[in-house]
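Engineer: Pasting in a structure now, in structure tokens, and then I'll have a few things to ask.
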Amino acid sequence: MSDTPLTWGSVREMSPFEAMMWRAEADPRYRSPVLAVELMDATPEWDRLVAAVDWATRMVPRFRERIREPLGGLGTPYWINDLEFDLHYHLRRVRLPGTGPGVWPELAPIAEQFMMTPFDRERPPWEAMLVEGLPDGRSAFLLKLHHVLTDGMGVVQLLSQLHSRKREHDVDKPQPPAPATEAPDPLAEVDRLVRREAGLLPTAARAARDVTGALAHPLAAMRDTAGYLTSAVRVLSPPSGASSELLRPRGLSWRFAALDVGFADLRAAGKAAGGSFNDAYVAALLGAFRLYHAEMGRPVGADATLRTSVPVSVRRAGDAAGGNRWAPARLAAPMGIVDPAERIGAVGALMRAARAEPALESPDVVAPLLARLPAPVLALVAGGSTAGNDLQASSVPGLRHEAFLCGAQIERVYPYAPLPGCAAMISAVTHGGTACVGANLDAAAISDRELFSDCLALGFADVLALHPGSADPVVVR
């Protein structure tokens, strides 16, 4: 077995889109942490866990790297080995008193505060925490990553390669050495900047050749360009319709909810209505928001929509592991449709139209320009593109096999993505046969978390009724 590190996160420079996320944090409302909450059936031995996390940082050298801004803030941020990497800073543990009636009342506040705490931008942008003291000897492992490291698919790639498939310690696993350290080299930075910016010249030359070629077929070129620009406007603009008045307040505090849904049941319910798992998932969330509006004294009509954004993976076979490869599908989503089958059909039609947009990846076109804006201006522009959303929803295929961490079996994985100005970011990842749903809620927009959790369960139950015999969704308490 080779002691060569994994190639996950091996790209040296940030993409323009990642540079935007990194620099937009000039406004704290647009911080971009991603959190995985793993519930385990036992509590790992601390020394063994420390050794395992140290091993993970050698297997994935990106975890020993920090982000460096180029000289003068010009050009693209890039990754450099952290000369003062200190695992003691990145890995922590806490013990719950264990006096509560269940897991969530004590665990959720710790996870919320952990995620809301900003990263030290002079260190590698990740942190982890072992939470001991859960009932019956169980524990939780919290892994917080900055979104510039990766998207949801990248997290699953990472965990699938680092988690063990057996409870016993593997003495034969690879043992790569710690990466060599490197001091910043000002001359190399100048060279990097020149090469990076000079790379725009060939792009401009290719664009000029395209223009010259278009002159030979002007009508076709104009038609194609007009079609692309029209598509780009749809992709980059906020969803149509007014935002929800109930959800309009925004704050800096986040609150978590968690739900278990049978993956096969939800997929079968979607299929019964002629849709996919993702169509059924989004339709269930919309049903929950309709119910929440009604319970809060703000019932909506049959034609009511909810401004929704759904990330669409644009990863291709040759893309590097890790990083971010997604584009936003912006929907005026049908919140007011009561019939779950009709709602699934409407969501499916909207998603197919969004995926078919010629300019689906147009954010990649404008990102290089936006990334060069001063950070406060960038925060204003980038935030304006997401703050108009009431809901951002994502679902990611997770691990279908058993997974272990230092002898403890991972029973559930709840994903929490950041709130870039929207009222709710609700994510789902499949773990074994369960779709684990993690709802990150703006506490100002959704003021009654318990009520919203109940509405969330009812929204999924409504959709699951399309597949008789489905297990009831379970709110984690």
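Lettering and numbering for the structure tokens are positional, with chains as A, B, ... in the shown order, residues counted from 1 in each chain, and ligands counted from 1 in the shown order.
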Quick one: everything within 8 Å of Gly432 of chain A, counting only C-alpha atoms, minus sequence neighbours fewer than 5 positions away in the same chain. Send it as a PyMOL selection string.

Structural biologist: chain A and resi 398-402

Engineer: May I have the residues from that selection written out with C-alpha atoms, as a PDB file, in the first residue's frame?

Structural biologist:
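Result file is out.pdb:
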```pdb
ATOM      1  CA  GLY A 398     -23.433  10.220   0.765  1.00  0.00           C
ATOM      2  CA  LEU A 399     -21.866   7.008   1.998  1.00  0.00           C
ATOM      3  CA  ARG A 400     -23.937   3.879   1.393  1.00  0.00           C
ATOM      4  CA  HIS A 401     -21.563   1.598   3.307  1.00  0.00           C
ATOM      5  CA  GLU A 402     -20.782   1.397   7.028  1.00  0.00           C
TER       6      GLU A 402
END
```

Engineer: Using only C-alpha atoms, which of A:Ile410, A:Leu6, A:Val155, A:Val34 sits nearest Ser139 of chain A?

Structural biologist: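 Ranked by minimum distance to Ser139 of chain A, first place goes to A:Ile410.
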
Engineer: I want to know what sits within 8 Å of segment 165-168 of chain A, based on only C-alpha atoms, with residues of the same chain fewer than 2 positions away left out; could you give that as a PyMOL selection string?

Structural biologist: chain A and resi 163+170+401-409

Engineer: Produce a file of the selected residues containing C-alpha atoms, as an mmCIF file, in the first residue's frame.

Structural biologist:
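Saved file result_17.cif follows:
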```cif
data_model
loop_
_atom_site.group_PDB
_atom_site.id
_atom_site.type_symbol
_atom_site.label_atom_id
_atom_site.label_comp_id
_atom_site.auth_asym_id
_atom_site.auth_seq_id
_atom_site.Cartn_x
_atom_site.Cartn_y
_atom_site.Cartn_z
ATOM 1 C CA HIS A 163 -13.285 7.043 7.165
ATOM 2 C CA ASP A 170 -5.870 -0.812 10.417
ATOM 3 C CA HIS A 401 -21.563 1.598 3.307
ATOM 4 C CA GLU A 402 -20.782 1.397 7.028
ATOM 5 C CA ALA A 403 -18.239 3.963 8.206
ATOM 6 C CA PHE A 404 -16.180 4.129 11.392
ATOM 7 C CA LEU A 405 -14.027 6.678 13.187
ATOM 8 C CA CYS A 406 -11.504 5.295 15.667
ATOM 9 C CA GLY A 407 -13.641 2.285 16.530
ATOM 10 C CA ALA A 408 -16.956 4.157 16.729
ATOM 11 C CA GLN A 409 -19.585 3.544 14.049
#
```

Engineer: Write out as a ChimeraX atom specification each polymer residue whose atoms come within 12 Å of Ala471 of chain A, counting only C-alpha atoms; drop sequence neighbours fewer than 5 positions from it.

Structural biologist: /A:260-266,268-269,433-434,457,460-466

Engineer: Go ahead and write the selection's residues with N, CA and C atoms as a JSON list (two decimals), in the first residue's frame.

Structural biologist:
```
[["chain", "number", "residue", "atom", "x", "y", "z"],
["A", 260, "ASP", "N", -34.60, 12.90, 10.15],
["A", 260, "ASP", "CA", -34.27, 11.65, 9.47],
["A", 260, "ASP", "C", -35.42, 11.25, 8.55],
["A", 261, "VAL", "N", -35.10, 10.95, 7.30],
["A", 261, "VAL", "CA", -36.09, 10.54, 6.31],
["A", 261, "VAL", "C", -35.57, 9.30, 5.60],
["A", 262, "GLY", "N", -36.42, 8.34, 5.36],
["A", 262, "GLY", "CA", -36.01, 7.14, 4.62],
["A", 262, "GLY", "C", -35.67, 7.50, 3.18],
["A", 263, "PHE", "N", -34.44, 7.21, 2.78],
["A", 263, "PHE", "CA", -34.01, 7.57, 1.43],
["A", 263, "PHE", "C", -34.82, 6.85, 0.36],
["A", 264, "ALA", "N", -34.96, 5.52, 0.49],
["A", 264, "ALA", "CA", -35.69, 4.75, -0.52],
["A", 264, "ALA", "C", -37.15, 5.18, -0.59],
["A", 265, "ASP", "N", -37.74, 5.48, 0.57],
["A", 265, "ASP", "CA", -39.14, 5.91, 0.60],
["A", 265, "ASP", "C", -39.33, 7.23, -0.14],
["A", 266, "LEU", "N", -38.44, 8.20, 0.11],
["A", 266, "LEU", "CA", -38.58, 9.50, -0.54],
["A", 266, "LEU", "C", -38.33, 9.40, -2.04],
["A", 268, "ALA", "N", -38.96, 6.73, -3.84],
["A", 268, "ALA", "CA", -40.14, 6.07, -4.39],
["A", 268, "ALA", "C", -41.32, 7.04, -4.48],
["A", 269, "ALA", "N", -41.44, 7.93, -3.49],
["A", 269, "ALA", "CA", -42.52, 8.92, -3.53],
["A", 269, "ALA", "C", -42.34, 9.86, -4.72],
["A", 433, "GLY", "N", -29.18, 4.00, 4.62],
["A", 433, "GLY", "CA", -30.53, 4.09, 4.07],
["A", 433, "GLY", "C", -31.29, 5.32, 4.52],
["A", 434, "THR", "N", -30.61, 6.26, 5.16],
["A", 434, "THR", "CA", -31.28, 7.44, 5.72],
["A", 434, "THR", "C", -30.84, 8.71, 5.00],
["A", 457, "ALA", "N", -41.23, 18.11, 9.35],
["A", 457, "ALA", "CA", -41.63, 16.70, 9.38],
["A", 457, "ALA", "C", -42.95, 16.49, 8.65],
["A", 460, "PHE", "N", -42.46, 16.57, 4.82],
["A", 460, "PHE", "CA", -41.95, 15.30, 4.27],
["A", 460, "PHE", "C", -43.00, 14.21, 4.35],
["A", 461, "ALA", "N", -43.77, 14.17, 5.45],
["A", 461, "ALA", "CA", -44.82, 13.16, 5.58],
["A", 461, "ALA", "C", -45.84, 13.29, 4.47],
["A", 462, "ASP", "N", -46.16, 14.52, 4.09],
["A", 462, "ASP", "CA", -47.12, 14.78, 3.02],
["A", 462, "ASP", "C", -46.64, 14.17, 1.70],
["A", 463, "VAL", "N", -45.35, 14.34, 1.40],
["A", 463, "VAL", "CA", -44.79, 13.78, 0.16],
["A", 463, "VAL", "C", -44.66, 12.27, 0.26],
["A", 464, "LEU", "N", -44.22, 11.77, 1.42],
["A", 464, "LEU", "CA", -44.04, 10.33, 1.60],
["A", 464, "LEU", "C", -45.35, 9.56, 1.49],
["A", 465, "ALA", "N", -46.47, 10.22, 1.72],
["A", 465, "ALA", "CA", -47.77, 9.55, 1.60],
["A", 465, "ALA", "C", -48.03, 9.07, 0.18],
["A", 466, "LEU", "N", -47.30, 9.59, -0.79],
["A", 466, "LEU", "CA", -47.44, 9.11, -2.17],
["A", 466, "LEU", "C", -46.89, 7.70, -2.34]]
```

Engineer: Any idea what the distance is between atom CA of Asn324 of chain A and atom CA of Ser32 of chain A?

Structural biologist: 12.6 Å

Engineer: Find the residues near Phe114 of chain A: any atom within 10 Å, counting only C-alpha atoms, skip ones fewer than 5 places away on the same chain, and give them as number ranges by chain.

Structural biologist: A: 33, 35, 108-109, 127-129, 142-144

Engineer: A:Gly297, A:Pro61, A:Pro468, A:Gly133: which is nearest Pro179 of chain A, counting only C-alpha atoms?

Structural biologist: A:Pro61

Engineer: I'd like the neighbourhood of segment 255-258 of chain A as an NGL selection string, where a residue qualifies if any of its atoms comes within 8 Å (using only C-alpha atoms), though same-chain residues fewer than 6 positions away should be ignored.

Structural biologist: :A and (108-109 or 112 or 414 or 436-443 or 449 or 453 or 475-476)

Engineer: Please indicate the distance in Å from atom CA of Gly336 of chain A to atom CA of Gly301 of chain A, rounded to one decimal place.

Structural biologist: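 We find that atom CA of Gly336 of chain A and atom CA of Gly301 of chain A lie 5.6 Å from each other.
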
Engineer: Would you please work out which residue, of A:Leu246, A:Pro44, A:Arg412, A:Tyr281, is nearest to Gly137 of chain A when using only C-alpha atoms?

Structural biologist: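 Of A:Leu246, A:Pro44, A:Arg412, A:Tyr281, the one nearest Gly137 of chain A is A:Pro44, counting only C-alpha atoms.
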
Engineer: Work out how far atom CA of Ala302 of chain A is from atom CA of Ile337 of chain A, in Å to one decimal.

Structural biologist: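 Value for the atom CA of Ile337 of chain A-atom CA of Ala302 of chain A distance: 5.3 Å.
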
Engineer: Find, counting only C-alpha atoms, the residue in A:Leu451, A:Ile446, A:Ala329, A:Ala417 that gets nearest to Pro238 of chain A.

Structural biologist: A:Ala329

Engineer: What's the 9 Å shell around Gly241 of chain A, counting only C-alpha atoms, without same-chain residues fewer than 2 positions away, as a list in words?

Structural biologist: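 In the requested form, the answer reads Pro238, Pro239, Ser243, Ala304, Thr305, Leu306, Arg307 and Ala332 of chain A.
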
Engineer: Hey, what does DSSP flag as strand (DSSP E or B) within segment 314-351 of chain A? Can you give it to me as a list in words?

Structural biologist: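 Filtering segment 314-351 of chain A down to strand (DSSP E or B) leaves Gly323, Trp326, Ala327, Pro328, Ala329, Arg330, Leu331, Ala332 and Ala333 of chain A.
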
Engineer: May I ask which of the residues A:Pro368, A:Pro376, A:Pro135, A:Pro174 is the closest one to Thr99 of chain A, counting only C-alpha atoms?

Structural biologist: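 Distance minimum relative to Thr99 of chain A lands on A:Pro135.
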